[in-house]
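Reading through the C-alpha cells given below for one structure.
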Amino acid sequence: MLYFVDIGMISGVPFGIEKAQIRRQRFLDELSIPYRYIALKHNPNVNQLQDYKENGYDINNVQLMLQVFTDLPFDDYSYDKKKFLEELPASPLSIEENEETNELIVTMESGDIYRCLLFGDRKRIFLVKHYEKNSLKEVDYYSTQKYLSIIYKDIEQDGVHFLENSEYNYYNSKGEIVLKKIIDTYTSEKYVYNGKTFDLSQLLEIYFQKQGIINKDVIVFERIEPKLYPFILNHQTARIAYYLHETIENYDGEVFGFIADNLSLIGRGIDFVLSTEIGQPDKVRNYVHQHFNQKARVYFVPVMHVEEHAICKIRKRNSFLSVSNLVPGKGIKAAIEAVVRARKIISDISYDIYGDGILYHELQELIDQHEANDYIQLKGFHKNIMTKYSDYEAYLASSYSEAFATTLVEAMNQGVALIARGNVAIHQAYVDENKNGYLINNKDYVNGLAEKIVRYCRLLEKDSFAQAAYDKSLELFSYKMVQNAWKKVIVQEQIESI
C-alpha cells in the first residue's frame, strides 16, 4: 500500500499537489498498486467530499486522518433543522429565516444567538454558529449529528481583543468526544485521545497503527513540515518517501533552508525521494552526498502526462494569460507592468489572470491605477481551466521559482506559447528560444518582458510557435514516459501490486 500524506486539503479548486494526486491515480490503477490519500488537516466544508469527486478523485481512496477516530460518516448530511430546534436548551425567544444568507437565526431569552447555515432545501443544517453576549463562542458542524465543535476564546494582546479558535472536539455516534485538538498560541497543537495527550506525529503513528500498516507499505509525504520530523525519525514499520514538488534552489542557486532541513532526513527516516523537476534528481543526490554524506535514491516522476490531440487554430489575437496563485513569488505584478508598457505599442493586447490569493486586491489596485481594466482582468479561480487555454496565444510565466509548473505544461499541450522568466530552471527546460516562446533575462525584467510581448505580437509565424509548444509537451511528458517513470519506482523499490 502507498499512503500519500498531505499537510493540506483541497477546497473547491485543485492546484499543484491536488492535480498531481488526481492524475497519478490512472498510473497506480493500471499498475494495480493499492494507494490512499491522507489529509492531515480537516477544514470542515460540507461540500468538500463532493469537491473531491467533481475534481476527479476516486473518493474511495481519500481519507481525512481524523475520520478514523470517529464512527460518524462524512458523506451523509441529513441533520434536520427540526431536530436542532427540539434539542435547544430552552424555548427560543424568536426564530427567523434569512433567505438571502440561507440562515436560520434563533434568538434565546438569555441573549444567546444561534446562526444556522442551511442546505439549499432549507430543511437540513450543516453548521451552527453560537454567539454569547454578541461574541462567537462555538461553531458546530453536523452530518447525521454534530461531529465537530470548534471552541473560541477571547484573547487580549497589546490592549486589543480578538477571537481565536482554541479547541476542536470530535464526536462519535453516541455524542461523546473521542478526540480533542487543543491549540495554544505559544505551543504546538496537542491532541487528547483516550485520556492521553499526543502531538501530531504521535497521533499520526496511532492512525497508521489503526490502518494495520506493515513493513511492505510506503508512506509518501507530499509536503513536510518540522512538526512531522518526530514521526519520520521514529517510525519503525513502513518505509518513508518524500515527494519533492518544489524546486530545491532559489534563483541564486542556493538550496532553500526548509528543503535542506527536509533532505537532512534522508538515511535517518526518509528512504527515497520522488522529484517532479527535470534534472533535479542529480542535484538532490549531489547535495545530499556533499552535505550529509548519504547516498540518496531519487526518482524523476512527473506529476502529469499530456495527450495527443488537434490544437486550436483560431485564438483571440494578441491574447495572453497566466494561471497562478496570487502571491509575491509568482511575479504577476511585473507581468501587469510589462503588459501596460507593451499596450502602448500594440493597441489590441489583452491579459487575463486566473487564480486567487493574498495579492488579489493589490493587483486589482495596480490595474485600476493604470486604468487597464478594459484589457487586464483578474478572472479568479476557474474550475475547468483546461477549457480556457486554447482561447489564448501565449502564457506569461513570471514566477521566481517553479518545480513542475503544471499550468505551463497544460498550456503548452494546448498550443500556447511561453514567455517566461529566464533564470528559472524549469522554464529553461520548457522553452526552446524563438521556437515555442522566449526567455526573459531577470535583469530589467519588466522592460525585457514588454519587449518580448511586442515581439511576439508582431510574429508572422504564431502557428509554428503553437505547434512547437504542443510538440514540446509531448516530447517531455508523453503518457508512455510518465508510465515508465512510475514503473521504475515500483520495480526498484519493490512495491507490491494487488
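By convention in this document, the chains of the C-alpha cells carry letters A, B, ... by their order, each chain's residues are numbered from 1, and ligands are numbered from 1 in the order they are shown.
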DSSP strand (DSSP E or B) selection over region 182-407 of chain A, as a PDB file with N, CA and C atoms, in the first residue's frame:
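The file below, out-v2.pdb, is the result:
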ATOM      1  N   ILE A 182      -6.183  20.660  20.886  1.00  0.00           N
ATOM      2  CA  ILE A 182      -6.019  21.864  21.691  1.00  0.00           C
ATOM      3  C   ILE A 182      -4.985  22.763  21.030  1.00  0.00           C
ATOM      4  N   ILE A 183      -5.371  24.002  20.795  1.00  0.00           N
ATOM      5  CA  ILE A 183      -4.492  24.960  20.131  1.00  0.00           C
ATOM      6  C   ILE A 183      -4.092  26.035  21.122  1.00  0.00           C
ATOM      7  N   ASP A 184      -2.786  26.252  21.232  1.00  0.00           N
ATOM      8  CA  ASP A 184      -2.265  27.279  22.119  1.00  0.00           C
ATOM      9  C   ASP A 184      -1.374  28.202  21.297  1.00  0.00           C
ATOM     10  N   THR A 187       2.415  27.347  21.969  1.00  0.00           N
ATOM     11  CA  THR A 187       2.939  25.988  21.845  1.00  0.00           C
ATOM     12  C   THR A 187       2.304  25.315  20.631  1.00  0.00           C
ATOM     13  N   SER A 188       2.865  24.198  20.207  1.00  0.00           N
ATOM     14  CA  SER A 188       2.302  23.473  19.068  1.00  0.00           C
ATOM     15  C   SER A 188       0.998  22.805  19.476  1.00  0.00           C
ATOM     16  N   GLU A 189       0.157  22.502  18.485  1.00  0.00           N
ATOM     17  CA  GLU A 189      -1.124  21.890  18.770  1.00  0.00           C
ATOM     18  C   GLU A 189      -0.942  20.515  19.404  1.00  0.00           C
ATOM     19  N   LYS A 190      -1.866  20.192  20.318  1.00  0.00           N
ATOM     20  CA  LYS A 190      -1.850  18.914  21.005  1.00  0.00           C
ATOM     21  C   LYS A 190      -3.185  18.214  20.794  1.00  0.00           C
ATOM     22  N   TYR A 191      -3.175  16.888  20.913  1.00  0.00           N
ATOM     23  CA  TYR A 191      -4.375  16.086  20.751  1.00  0.00           C
ATOM     24  C   TYR A 191      -4.583  15.235  21.996  1.00  0.00           C
ATOM     25  N   VAL A 192      -5.832  15.133  22.432  1.00  0.00           N
ATOM     26  CA  VAL A 192      -6.168  14.271  23.561  1.00  0.00           C
ATOM     27  C   VAL A 192      -7.025  13.131  23.041  1.00  0.00           C
ATOM     28  N   TYR A 193      -6.534  11.898  23.235  1.00  0.00           N
ATOM     29  CA  TYR A 193      -7.221  10.707  22.748  1.00  0.00           C
ATOM     30  C   TYR A 193      -7.104   9.629  23.816  1.00  0.00           C
ATOM     31  N   LYS A 196      -5.122  10.466  26.931  1.00  0.00           N
ATOM     32  CA  LYS A 196      -3.698  10.763  26.842  1.00  0.00           C
ATOM     33  C   LYS A 196      -3.461  11.878  25.828  1.00  0.00           C
ATOM     34  N   THR A 197      -2.394  12.637  26.022  1.00  0.00           N
ATOM     35  CA  THR A 197      -2.080  13.776  25.168  1.00  0.00           C
ATOM     36  C   THR A 197      -0.966  13.420  24.183  1.00  0.00           C
ATOM     37  N   PHE A 198      -1.164  13.810  22.913  1.00  0.00           N
ATOM     38  CA  PHE A 198      -0.207  13.479  21.860  1.00  0.00           C
ATOM     39  C   PHE A 198       0.059  14.712  21.005  1.00  0.00           C
ATOM     40  N   VAL A 218       4.526   1.819   2.029  1.00  0.00           N
ATOM     41  CA  VAL A 218       5.351   3.024   1.895  1.00  0.00           C
ATOM     42  C   VAL A 218       4.489   4.241   2.206  1.00  0.00           C
ATOM     43  N   ILE A 219       4.988   5.092   3.098  1.00  0.00           N
ATOM     44  CA  ILE A 219       4.330   6.357   3.423  1.00  0.00           C
ATOM     45  C   ILE A 219       5.040   7.455   2.648  1.00  0.00           C
ATOM     46  N   VAL A 220       4.300   8.136   1.766  1.00  0.00           N
ATOM     47  CA  VAL A 220       4.884   9.179   0.929  1.00  0.00           C
ATOM     48  C   VAL A 220       4.373  10.537   1.404  1.00  0.00           C
ATOM     49  N   PHE A 221       5.268  11.384   1.891  1.00  0.00           N
ATOM     50  CA  PHE A 221       4.879  12.724   2.323  1.00  0.00           C
ATOM     51  C   PHE A 221       4.949  13.673   1.135  1.00  0.00           C
ATOM     52  N   ARG A 239       8.364   1.923   5.104  1.00  0.00           N
ATOM     53  CA  ARG A 239       9.361   2.826   4.549  1.00  0.00           C
ATOM     54  C   ARG A 239       8.726   4.196   4.325  1.00  0.00           C
ATOM     55  N   ILE A 240       9.570   5.232   4.263  1.00  0.00           N
ATOM     56  CA  ILE A 240       9.077   6.597   4.107  1.00  0.00           C
ATOM     57  C   ILE A 240       9.737   7.235   2.888  1.00  0.00           C
ATOM     58  N   ALA A 241       8.927   7.892   2.061  1.00  0.00           N
ATOM     59  CA  ALA A 241       9.423   8.612   0.885  1.00  0.00           C
ATOM     60  C   ALA A 241       9.005  10.072   0.962  1.00  0.00           C
ATOM     61  N   TYR A 242       9.726  10.897   0.268  1.00  0.00           N
ATOM     62  CA  TYR A 242       9.462  12.341   0.210  1.00  0.00           C
ATOM     63  C   TYR A 242       9.203  12.700  -1.248  1.00  0.00           C
ATOM     64  N   TYR A 243       7.983  13.173  -1.550  1.00  0.00           N
ATOM     65  CA  TYR A 243       7.651  13.604  -2.911  1.00  0.00           C
ATOM     66  C   TYR A 243       7.995  15.085  -3.006  1.00  0.00           C
ATOM     67  N   LEU A 244       9.081  15.380  -3.666  1.00  0.00           N
ATOM     68  CA  LEU A 244       9.615  16.737  -3.719  1.00  0.00           C
ATOM     69  C   LEU A 244       8.940  17.495  -4.860  1.00  0.00           C
ATOM     70  N   GLU A 249      16.330  24.877  -5.343  1.00  0.00           N
ATOM     71  CA  GLU A 249      17.220  26.040  -5.347  1.00  0.00           C
ATOM     72  C   GLU A 249      16.459  27.328  -5.634  1.00  0.00           C
ATOM     73  N   VAL A 255      20.228  26.289  -2.046  1.00  0.00           N
ATOM     74  CA  VAL A 255      19.141  25.413  -1.632  1.00  0.00           C
ATOM     75  C   VAL A 255      18.329  26.084  -0.536  1.00  0.00           C
ATOM     76  N   ILE A 266      17.150  12.231   4.957  1.00  0.00           N
ATOM     77  CA  ILE A 266      17.459  11.063   4.122  1.00  0.00           C
ATOM     78  C   ILE A 266      18.492  10.203   4.840  1.00  0.00           C
ATOM     79  N   ILE A 270      13.859   9.078   6.002  1.00  0.00           N
ATOM     80  CA  ILE A 270      13.420   9.059   4.608  1.00  0.00           C
ATOM     81  C   ILE A 270      14.262   8.053   3.835  1.00  0.00           C
ATOM     82  N   PHE A 272      13.632   7.125   0.330  1.00  0.00           N
ATOM     83  CA  PHE A 272      13.886   7.544  -1.045  1.00  0.00           C
ATOM     84  C   PHE A 272      13.048   8.773  -1.369  1.00  0.00           C
ATOM     85  N   VAL A 273      13.365   9.406  -2.506  1.00  0.00           N
ATOM     86  CA  VAL A 273      12.753  10.681  -2.887  1.00  0.00           C
ATOM     87  C   VAL A 273      12.181  10.570  -4.292  1.00  0.00           C
ATOM     88  N   LEU A 274      10.997  11.153  -4.491  1.00  0.00           N
ATOM     89  CA  LEU A 274      10.425  11.347  -5.816  1.00  0.00           C
ATOM     90  C   LEU A 274      10.527  12.832  -6.130  1.00  0.00           C
ATOM     91  N   SER A 275      10.968  13.178  -7.326  1.00  0.00           N
ATOM     92  CA  SER A 275      11.128  14.586  -7.693  1.00  0.00           C
ATOM     93  C   SER A 275      10.362  14.880  -8.968  1.00  0.00           C
ATOM     94  N   VAL A 298      16.833   8.749  -5.713  1.00  0.00           N
ATOM     95  CA  VAL A 298      15.935   9.823  -6.168  1.00  0.00           C
ATOM     96  C   VAL A 298      15.405   9.469  -7.554  1.00  0.00           C
ATOM     97  N   TYR A 299      14.095   9.558  -7.724  1.00  0.00           N
ATOM     98  CA  TYR A 299      13.449   9.211  -8.990  1.00  0.00           C
ATOM     99  C   TYR A 299      12.739  10.431  -9.567  1.00  0.00           C
ATOM    100  N   PHE A 300      12.882  10.634 -10.866  1.00  0.00           N
ATOM    101  CA  PHE A 300      12.128  11.680 -11.555  1.00  0.00           C
ATOM    102  C   PHE A 300      10.759  11.119 -11.919  1.00  0.00           C
ATOM    103  N   SER A 319      -3.594  37.727 -27.397  1.00  0.00           N
ATOM    104  CA  SER A 319      -4.164  37.445 -26.071  1.00  0.00           C
ATOM    105  C   SER A 319      -3.167  36.665 -25.224  1.00  0.00           C
ATOM    106  N   PHE A 320      -3.032  37.063 -23.954  1.00  0.00           N
ATOM    107  CA  PHE A 320      -2.084  36.454 -23.031  1.00  0.00           C
ATOM    108  C   PHE A 320      -2.811  36.049 -21.758  1.00  0.00           C
ATOM    109  N   LEU A 321      -2.260  35.036 -21.073  1.00  0.00           N
ATOM    110  CA  LEU A 321      -2.839  34.628 -19.798  1.00  0.00           C
ATOM    111  C   LEU A 321      -1.749  34.184 -18.847  1.00  0.00           C
ATOM    112  N   SER A 322      -2.108  34.145 -17.572  1.00  0.00           N
ATOM    113  CA  SER A 322      -1.333  33.483 -16.519  1.00  0.00           C
ATOM    114  C   SER A 322      -2.328  32.740 -15.651  1.00  0.00           C
ATOM    115  N   VAL A 323      -1.909  31.588 -15.129  1.00  0.00           N
ATOM    116  CA  VAL A 323      -2.725  30.820 -14.191  1.00  0.00           C
ATOM    117  C   VAL A 323      -1.861  30.607 -12.960  1.00  0.00           C
ATOM    118  N   SER A 350      -4.456  41.883 -24.808  1.00  0.00           N
ATOM    119  CA  SER A 350      -5.297  41.600 -23.639  1.00  0.00           C
ATOM    120  C   SER A 350      -4.572  40.584 -22.757  1.00  0.00           C
ATOM    121  N   TYR A 351      -4.806  40.673 -21.451  1.00  0.00           N
ATOM    122  CA  TYR A 351      -4.119  39.802 -20.494  1.00  0.00           C
ATOM    123  C   TYR A 351      -5.102  39.396 -19.411  1.00  0.00           C
ATOM    124  N   ASP A 352      -5.372  38.097 -19.304  1.00  0.00           N
ATOM    125  CA  ASP A 352      -6.267  37.552 -18.282  1.00  0.00           C
ATOM    126  C   ASP A 352      -5.462  36.745 -17.270  1.00  0.00           C
ATOM    127  N   ILE A 353      -5.776  36.945 -15.999  1.00  0.00           N
ATOM    128  CA  ILE A 353      -5.048  36.298 -14.906  1.00  0.00           C
ATOM    129  C   ILE A 353      -6.020  35.428 -14.126  1.00  0.00           C
ATOM    130  N   TYR A 354      -5.802  34.113 -14.144  1.00  0.00           N
ATOM    131  CA  TYR A 354      -6.662  33.169 -13.435  1.00  0.00           C
ATOM    132  C   TYR A 354      -5.997  32.773 -12.113  1.00  0.00           C
ATOM    133  N   ILE A 376      -6.767  44.212 -18.998  1.00  0.00           N
ATOM    134  CA  ILE A 376      -6.173  43.315 -17.999  1.00  0.00           C
ATOM    135  C   ILE A 376      -7.244  42.971 -16.976  1.00  0.00           C
ATOM    136  N   GLN A 377      -7.518  41.700 -16.802  1.00  0.00           N
ATOM    137  CA  GLN A 377      -8.586  41.291 -15.892  1.00  0.00           C
ATOM    138  C   GLN A 377      -8.147  40.157 -14.975  1.00  0.00           C
ATOM    139  N   LEU A 378      -8.536  40.268 -13.700  1.00  0.00           N
ATOM    140  CA  LEU A 378      -8.367  39.179 -12.751  1.00  0.00           C
ATOM    141  C   LEU A 378      -9.601  38.295 -12.856  1.00  0.00           C
ATOM    142  N   LYS A 379      -9.424  37.064 -13.273  1.00  0.00           N
ATOM    143  CA  LYS A 379     -10.538  36.169 -13.546  1.00  0.00           C
ATOM    144  C   LYS A 379     -10.911  35.275 -12.369  1.00  0.00           C
ATOM    145  N   GLY A 380     -10.075  35.248 -11.307  1.00  0.00           N
ATOM    146  CA  GLY A 380     -10.341  34.353 -10.193  1.00  0.00           C
ATOM    147  C   GLY A 380     -10.067  32.908 -10.587  1.00  0.00           C
ATOM    148  N   ALA A 394      -0.528  33.138 -25.893  1.00  0.00           N
ATOM    149  CA  ALA A 394       0.726  32.983 -25.144  1.00  0.00           C
ATOM    150  C   ALA A 394       0.487  33.097 -23.647  1.00  0.00           C
ATOM    151  N   TYR A 395       1.382  32.447 -22.903  1.00  0.00           N
ATOM    152  CA  TYR A 395       1.327  32.389 -21.432  1.00  0.00           C
ATOM    153  C   TYR A 395       2.502  33.200 -20.877  1.00  0.00           C
ATOM    154  N   LEU A 396       2.223  34.085 -19.932  1.00  0.00           N
ATOM    155  CA  LEU A 396       3.274  34.857 -19.265  1.00  0.00           C
ATOM    156  C   LEU A 396       3.637  34.159 -17.967  1.00  0.00           C
ATOM    157  N   ALA A 397       4.851  33.618 -17.894  1.00  0.00           N
ATOM    158  CA  ALA A 397       5.317  32.864 -16.728  1.00  0.00           C
ATOM    159  C   ALA A 397       6.399  33.676 -16.024  1.00  0.00           C
TER     160      ALA A 397
END
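Taking only C-alpha atoms into account, Gly195 (chain A) lies nearest to A:Val178 out of the set A:Ala90, A:Glu254, A:Val178, A:Asn60.
Restricting the calculation to only C-alpha atoms, the smallest distance between Ile336 (chain A) and any of A:Arg455, A:His130, A:Lys137, A:His370 is found for A:His370.
Relative to CA of Glu393 (chain A), CA of Val416 (chain A) is found at 5.3 Å.
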In Å, rounded to a single decimal, give me how far CA of Gln294 (chain A) is from CA of Tyr35 (chain A). 28.5 Å
Give me, as an MDAnalysis selection string, all polymer residues having an atom no more than 8 Å from Asn165 (chain A), counting only C-alpha atoms and skipping those fewer than 5 positions away in the same chain. chainID A and resid 150:153 183
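Checking A:Thr387, A:Asn98, A:Gln209, A:Thr276 one by one against Glu402 (chain A), counting only C-alpha atoms, you find the shortest gap at A:Thr276.
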12 Å contact set for Glu100 (chain A), only C-alpha atoms, chain neighbours under 6 positions out, as a ChimeraX atom specification: /A:117-118,120,122
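Using only C-alpha atoms for every distance, the candidate list A:Met304, A:Leu228, A:Leu418, A:Leu439 yields A:Met304 as the residue closest to Phe27 (chain A).
Non-sequential neighbours of Tyr389 (chain A) (distance at most 8 Å, separation of 6 or more positions within a chain, only C-alpha atoms) are Glu410, Ala411, Gln414 and Val416 of chain A.
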Might you pull out every residue within 9 Å of Val284 (chain A), with only C-alpha atoms counted and same-chain residues fewer than 3 positions away left off, and present them as an MDAnalysis selection string? chainID A and resid 248 263 273 275 280:281 287:289 296 298
Only N, CA and C atoms, please: the residues just picked out, written as a PDB file, in the first residue's frame.
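Generated output (part-v4.pdb):
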ATOM      1  N   ILE A 248      14.508  22.840  -5.530  1.00  0.00           N
ATOM      2  CA  ILE A 248      15.304  22.901  -4.297  1.00  0.00           C
ATOM      3  C   ILE A 248      16.138  24.173  -4.201  1.00  0.00           C
ATOM      4  N   LEU A 263      15.808  17.401   3.444  1.00  0.00           N
ATOM      5  CA  LEU A 263      16.747  16.455   2.832  1.00  0.00           C
ATOM      6  C   LEU A 263      17.714  15.870   3.850  1.00  0.00           C
ATOM      7  N   VAL A 273      13.365   9.406  -2.506  1.00  0.00           N
ATOM      8  CA  VAL A 273      12.753  10.681  -2.887  1.00  0.00           C
ATOM      9  C   VAL A 273      12.181  10.570  -4.292  1.00  0.00           C
ATOM     10  N   SER A 275      10.968  13.178  -7.326  1.00  0.00           N
ATOM     11  CA  SER A 275      11.128  14.586  -7.693  1.00  0.00           C
ATOM     12  C   SER A 275      10.362  14.880  -8.968  1.00  0.00           C
ATOM     13  N   GLN A 280      16.383  17.534 -11.617  1.00  0.00           N
ATOM     14  CA  GLN A 280      16.580  17.737 -10.184  1.00  0.00           C
ATOM     15  C   GLN A 280      17.110  16.508  -9.437  1.00  0.00           C
ATOM     16  N   PRO A 281      16.802  15.268  -9.839  1.00  0.00           N
ATOM     17  CA  PRO A 281      17.344  14.121  -9.110  1.00  0.00           C
ATOM     18  C   PRO A 281      18.854  14.171  -8.910  1.00  0.00           C
ATOM     19  N   TYR A 287      23.712  17.075  -3.632  1.00  0.00           N
ATOM     20  CA  TYR A 287      23.601  17.893  -2.419  1.00  0.00           C
ATOM     21  C   TYR A 287      23.608  17.017  -1.167  1.00  0.00           C
ATOM     22  N   VAL A 288      22.841  15.937  -1.197  1.00  0.00           N
ATOM     23  CA  VAL A 288      22.760  15.047  -0.033  1.00  0.00           C
ATOM     24  C   VAL A 288      24.104  14.381   0.244  1.00  0.00           C
ATOM     25  N   HIS A 289      24.806  13.999  -0.824  1.00  0.00           N
ATOM     26  CA  HIS A 289      26.129  13.372  -0.630  1.00  0.00           C
ATOM     27  C   HIS A 289      27.124  14.379  -0.066  1.00  0.00           C
ATOM     28  N   ALA A 296      21.554   9.036  -1.815  1.00  0.00           N
ATOM     29  CA  ALA A 296      20.098   9.174  -1.924  1.00  0.00           C
ATOM     30  C   ALA A 296      19.561   8.473  -3.163  1.00  0.00           C
ATOM     31  N   VAL A 298      16.833   8.749  -5.713  1.00  0.00           N
ATOM     32  CA  VAL A 298      15.935   9.823  -6.168  1.00  0.00           C
ATOM     33  C   VAL A 298      15.405   9.469  -7.554  1.00  0.00           C
TER      34      VAL A 298
END
